[in-house]
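One file, run-v3.cif, carrying mmCIF, C-alpha atoms:
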data_upload
#
loop_
_atom_site.group_PDB
_atom_site.id
_atom_site.type_symbol
_atom_site.label_atom_id
_atom_site.label_comp_id
_atom_site.auth_asym_id
_atom_site.auth_seq_id
_atom_site.Cartn_x
_atom_site.Cartn_y
_atom_site.Cartn_z
ATOM 1 C CA MET R 8 24.487 0.319 4.476
ATOM 2 C CA ALA R 9 24.934 -3.311 3.379
ATOM 3 C CA LYS R 10 28.008 -2.414 1.312
ATOM 4 C CA SER R 11 29.628 -0.559 4.185
ATOM 5 C CA ALA R 12 29.014 -3.590 6.417
ATOM 6 C CA GLY R 13 30.987 -5.771 3.996
ATOM 7 C CA VAL R 14 28.017 -7.625 2.502
ATOM 8 C CA LYS R 15 28.967 -9.149 -0.869
ATOM 9 C CA LYS R 16 25.488 -10.165 -2.077
ATOM 10 C CA PHE R 17 22.198 -8.450 -1.283
ATOM 11 C CA ILE R 18 18.886 -10.128 -2.129
ATOM 12 C CA TYR R 19 15.897 -7.804 -2.203
ATOM 13 C CA ILE R 20 12.437 -9.356 -2.013
ATOM 14 C CA GLY R 21 10.300 -7.191 -4.256
ATOM 15 C CA ALA R 22 6.898 -7.991 -5.693
ATOM 16 C CA ALA R 23 5.515 -9.237 -8.989
ATOM 17 C CA SER R 24 3.163 -6.270 -8.971
ATOM 18 C CA VAL R 25 5.989 -3.930 -10.004
ATOM 19 C CA ILE R 26 5.529 -5.088 -13.599
ATOM 20 C CA ASN R 27 2.124 -3.466 -14.201
ATOM 21 C CA GLY R 28 -0.614 -5.884 -13.297
ATOM 22 C CA ARG R 29 -1.051 -7.286 -16.803
ATOM 23 C CA PRO R 30 0.362 -10.551 -18.126
ATOM 24 C CA ILE R 31 3.680 -10.136 -19.930
ATOM 25 C CA LYS R 32 5.351 -12.602 -22.262
ATOM 26 C CA ASN R 33 8.793 -13.095 -23.744
ATOM 27 C CA VAL R 34 10.662 -10.737 -21.444
ATOM 28 C CA ASP R 35 13.763 -11.200 -19.320
ATOM 29 C CA GLU R 36 15.107 -9.624 -16.138
ATOM 30 C CA LEU R 37 16.000 -6.424 -17.998
ATOM 31 C CA TYR R 38 12.341 -5.656 -18.743
ATOM 32 C CA GLN R 39 11.178 -2.392 -17.234
ATOM 33 C CA PRO R 40 7.537 -1.309 -17.280
ATOM 34 C CA LYS R 41 6.825 1.920 -19.115
ATOM 35 C CA ARG R 42 5.232 3.482 -16.046
ATOM 36 C CA LEU R 43 4.928 2.877 -12.330
ATOM 37 C CA LEU R 44 1.655 1.650 -10.917
ATOM 38 C CA GLN R 45 -0.100 4.199 -8.774
ATOM 39 C CA ASP R 46 -0.846 2.019 -5.751
ATOM 40 C CA TYR R 47 1.664 2.745 -3.012
ATOM 41 C CA TYR R 48 2.692 -0.865 -2.418
ATOM 42 C CA SER R 49 3.723 -1.559 -6.025
ATOM 43 C CA LYS R 50 5.163 1.911 -6.538
ATOM 44 C CA THR R 51 7.388 1.793 -3.447
ATOM 45 C CA LYS R 52 8.475 -1.780 -4.247
ATOM 46 C CA ALA R 53 9.486 -0.666 -7.769
ATOM 47 C CA LEU R 54 11.371 2.388 -6.497
ATOM 48 C CA ALA R 55 13.187 0.335 -3.855
ATOM 49 C CA GLU R 56 14.090 -2.320 -6.443
ATOM 50 C CA LYS R 57 15.561 0.347 -8.721
ATOM 51 C CA LEU R 58 17.739 1.689 -5.888
ATOM 52 C CA VAL R 59 18.901 -1.793 -4.923
ATOM 53 C CA LEU R 60 19.840 -2.784 -8.487
ATOM 54 C CA GLU R 61 21.672 0.495 -9.071
ATOM 55 C CA GLY R 62 23.999 -0.601 -6.245
ATOM 56 C CA ASN R 63 25.545 -3.421 -8.290
ATOM 57 C CA GLU R 64 29.329 -3.211 -8.405
ATOM 58 C CA PRO R 65 32.102 -5.736 -9.079
ATOM 59 C CA ASN R 66 32.391 -6.576 -5.344
ATOM 60 C CA PHE R 67 28.714 -6.169 -4.472
ATOM 61 C CA GLU R 68 25.961 -8.126 -6.182
ATOM 62 C CA ALA R 69 22.408 -6.862 -5.787
ATOM 63 C CA ILE R 70 19.557 -9.163 -6.777
ATOM 64 C CA ALA R 71 15.826 -8.438 -6.837
ATOM 65 C CA LEU R 72 13.264 -11.220 -6.712
ATOM 66 C CA ARG R 73 9.690 -10.514 -7.775
ATOM 67 C CA PRO R 74 7.522 -13.146 -6.139
ATOM 68 C CA PRO R 75 3.766 -13.190 -6.663
ATOM 69 C CA ALA R 76 1.415 -13.439 -3.684
ATOM 70 C CA ILE R 77 3.225 -15.440 -0.980
ATOM 71 C CA TRP R 78 1.044 -17.786 1.038
ATOM 72 C CA SER R 79 1.242 -20.248 3.892
ATOM 73 C CA PRO R 80 -1.231 -21.630 6.432
ATOM 74 C CA LYS R 81 0.628 -19.528 9.009
ATOM 75 C CA ASN R 82 0.061 -16.309 7.063
ATOM 76 C CA PRO R 83 -1.556 -13.800 9.456
ATOM 77 C CA HIS R 84 -4.196 -13.010 6.804
ATOM 78 C CA TYR R 85 -5.030 -16.657 6.067
ATOM 79 C CA ASP R 86 -7.666 -16.959 8.811
ATOM 80 C CA ASP R 87 -9.319 -13.693 7.745
ATOM 81 C CA MET R 88 -9.433 -14.786 4.112
ATOM 82 C CA LEU R 89 -10.867 -18.195 5.047
ATOM 83 C CA LYS R 90 -13.501 -16.569 7.265
ATOM 84 C CA MET R 91 -14.496 -14.167 4.476
ATOM 85 C CA ALA R 92 -14.803 -17.050 2.016
ATOM 86 C CA LYS R 93 -16.991 -19.059 4.413
ATOM 87 C CA GLU R 94 -19.227 -16.014 4.977
ATOM 88 C CA GLY R 95 -19.584 -15.411 1.242
ATOM 89 C CA LYS R 96 -17.694 -12.125 1.476
ATOM 90 C CA TRP R 97 -14.726 -13.196 -0.647
ATOM 91 C CA VAL R 98 -14.866 -11.776 -4.153
ATOM 92 C CA TRP R 99 -12.751 -13.186 -6.945
ATOM 93 C CA ILE R 100 -11.500 -10.615 -9.458
ATOM 94 C CA GLY R 101 -13.202 -11.053 -12.819
ATOM 95 C CA GLY R 102 -15.642 -13.569 -11.389
ATOM 96 C CA GLY R 103 -12.804 -15.995 -10.726
ATOM 97 C CA LYS R 104 -11.428 -15.818 -14.261
ATOM 98 C CA HIS R 105 -8.575 -13.432 -13.427
ATOM 99 C CA THR R 106 -5.210 -15.214 -13.395
ATOM 100 C CA LEU R 107 -3.533 -14.950 -10.016
ATOM 101 C CA SER R 108 -0.064 -16.336 -9.430
ATOM 102 C CA THR R 109 0.941 -17.420 -5.962
ATOM 103 C CA ILE R 110 3.969 -18.993 -4.334
ATOM 104 C CA HIS R 111 4.197 -20.974 -1.111
ATOM 105 C CA VAL R 112 6.553 -19.455 1.442
ATOM 106 C CA ASP R 113 8.767 -22.595 1.346
ATOM 107 C CA ASN R 114 9.256 -22.203 -2.412
ATOM 108 C CA GLU R 115 10.043 -18.515 -2.002
ATOM 109 C CA ARG R 116 12.592 -19.393 0.653
ATOM 110 C CA SER R 117 14.189 -21.920 -1.712
ATOM 111 C CA SER R 118 14.458 -19.317 -4.467
ATOM 112 C CA SER R 119 16.090 -16.860 -2.073
ATOM 113 C CA TYR R 120 18.555 -19.483 -0.874
ATOM 114 C CA SER R 121 19.450 -20.457 -4.421
ATOM 115 C CA CYS R 122 20.283 -16.821 -5.184
ATOM 116 C CA HIS R 123 22.598 -16.764 -2.218
ATOM 117 C CA SER R 124 24.491 -19.939 -3.082
ATOM 118 C CA GLU R 125 28.003 -19.586 -4.445
ATOM 119 C CA GLU R 126 28.511 -20.494 -8.066
#

Structure encoded using structure tokens:
Amino acid sequence: MAKSAGVKKFIYIGAASVINGRPIKNVDELYQPKRLLQDYYSKTKALAEKLVLEGNEPNFEAIALRPPAIWSPKNPHYDDMLKMAKEGKWVWIGGGKHTLSTIHVDNERSSSYSCHSEE
């Protein structure tokens, strides 16, 4: 659809969870996990990313970003999370020792814009 509309560059916002939920080191953008995760969110993000990237052609550039959890004070879930934490209902994975990467929405926006800029 984007190609037929004359779009030259398509930026897909995927998710870091497509990797496999475990820390990875020394990989580049060509890294592909050996299997898809079974949760629907990660699985559908990975399948969509694959379709998007297969669309690359000389006159059509497809890019996939894999941001971690995106946050902002205006996030619709922010108030719920804060309320849960205040009520003692928030549970940290691994007792708070699990590494969790996040990105502020303004930083995600900057990364998307930088992908769009002409070289």

How would you write as a compact mmCIF listing (two decimals) with C-alpha atoms, keeping the file's coordinate frame the residues that get within 6 Å of (22.6, -7.0, -4.0) in the file's frame, counting all atoms listed in the file?
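The resulting file, part.txt, is reproduced below:
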# COMPACT_ATOMS: atom_id res chain seq x y z
CA LYS R 16 25.49 -10.16 -2.08
CA PHE R 17 22.20 -8.45 -1.28
CA ILE R 18 18.89 -10.13 -2.13
CA GLU R 68 25.96 -8.13 -6.18
CA ALA R 69 22.41 -6.86 -5.79
CA ILE R 70 19.56 -9.16 -6.78

Practice prompt. Give me the residues within 12 Å of R:Asp113 as a ChimeraX atom specification, counting only C-alpha atoms and dropping any in the same chain fewer than 2 places off.
Written response: /R:77-81,109-111,115-120

How about saving the chosen residues, C-alpha atoms kept, as a PDB file, keeping the file's coordinate frame?
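Here's the written file part.pdb:
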ATOM      1  CA  ILE R  77       3.225 -15.440  -0.980  1.00  0.00           C
ATOM      2  CA  TRP R  78       1.044 -17.786   1.038  1.00  0.00           C
ATOM      3  CA  SER R  79       1.242 -20.248   3.892  1.00  0.00           C
ATOM      4  CA  PRO R  80      -1.231 -21.630   6.432  1.00  0.00           C
ATOM      5  CA  LYS R  81       0.628 -19.528   9.009  1.00  0.00           C
ATOM      6  CA  THR R 109       0.941 -17.420  -5.962  1.00  0.00           C
ATOM      7  CA  ILE R 110       3.969 -18.993  -4.334  1.00  0.00           C
ATOM      8  CA  HIS R 111       4.197 -20.974  -1.111  1.00  0.00           C
ATOM      9  CA  GLU R 115      10.043 -18.515  -2.002  1.00  0.00           C
ATOM     10  CA  ARG R 116      12.592 -19.393   0.653  1.00  0.00           C
ATOM     11  CA  SER R 117      14.189 -21.920  -1.712  1.00  0.00           C
ATOM     12  CA  SER R 118      14.458 -19.317  -4.467  1.00  0.00           C
ATOM     13  CA  SER R 119      16.090 -16.860  -2.073  1.00  0.00           C
ATOM     14  CA  TYR R 120      18.555 -19.483  -0.874  1.00  0.00           C
TER      15      TYR R 120
END

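Between atom CA of R:His84 and atom CA of R:Thr106 lies a distance of 20.3 Å.
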
Correct to one decimal, the distance atom CA of R:Gly102-atom CA of R:Ala76 is 18.7 Å

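Between R:Gly21 and the residues R:Pro74, R:Pro40, R:Pro65, R:Gly95, the shortest atom-to-atom distance, using all atoms listed in the file, involves R:Pro74.
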
Do you know which residues the PyMOL selection byres ((chain R and resi 26) around 10) returns on this file, as a VMD selection string? chain R and resid 22 to 25 27 to 31 38 to 44 49 to 50 53 73

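Taking only C-alpha atoms into account, R:Ser11 lies nearest to R:Asn66 out of the set R:Thr51, R:Asn66, R:Gln45, R:Ser124.
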
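The smallest atom-to-atom distance between R:Asn82 and any of R:Ile20, R:Met8, R:Val112, R:Ile100, using all atoms listed in the file, is found for R:Val112.
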
Correct to one decimal, the distance atom CA of R:Val34-atom CA of R:Tyr48 is 22.9 Å

Answer as a CSV table (one decimal) with C-alpha atoms, in the frame of the given file, residues within 6 Å of (30.0, -3.5, -1.7) using only C-alpha atoms:
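So the final result, stored in part.csv, reads:
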chain,number,residue,atom,x,y,z
R,10,LYS,CA,28.0,-2.4,1.3
R,15,LYS,CA,29.0,-9.1,-0.9
R,66,ASN,CA,32.4,-6.6,-5.3
R,67,PHE,CA,28.7,-6.2,-4.5

Edge lengths and centre, in Å to one decimal, as JSON: that's what I need for the box along x, y and z that holds all listed atoms of stretch 107-126 of chain R plus 3 Å on each side.
{"center_x": 12.5, "center_y": -18.8, "center_z": -4.3, "size_x": 38.0, "size_y": 13.6, "size_z": 17.5}
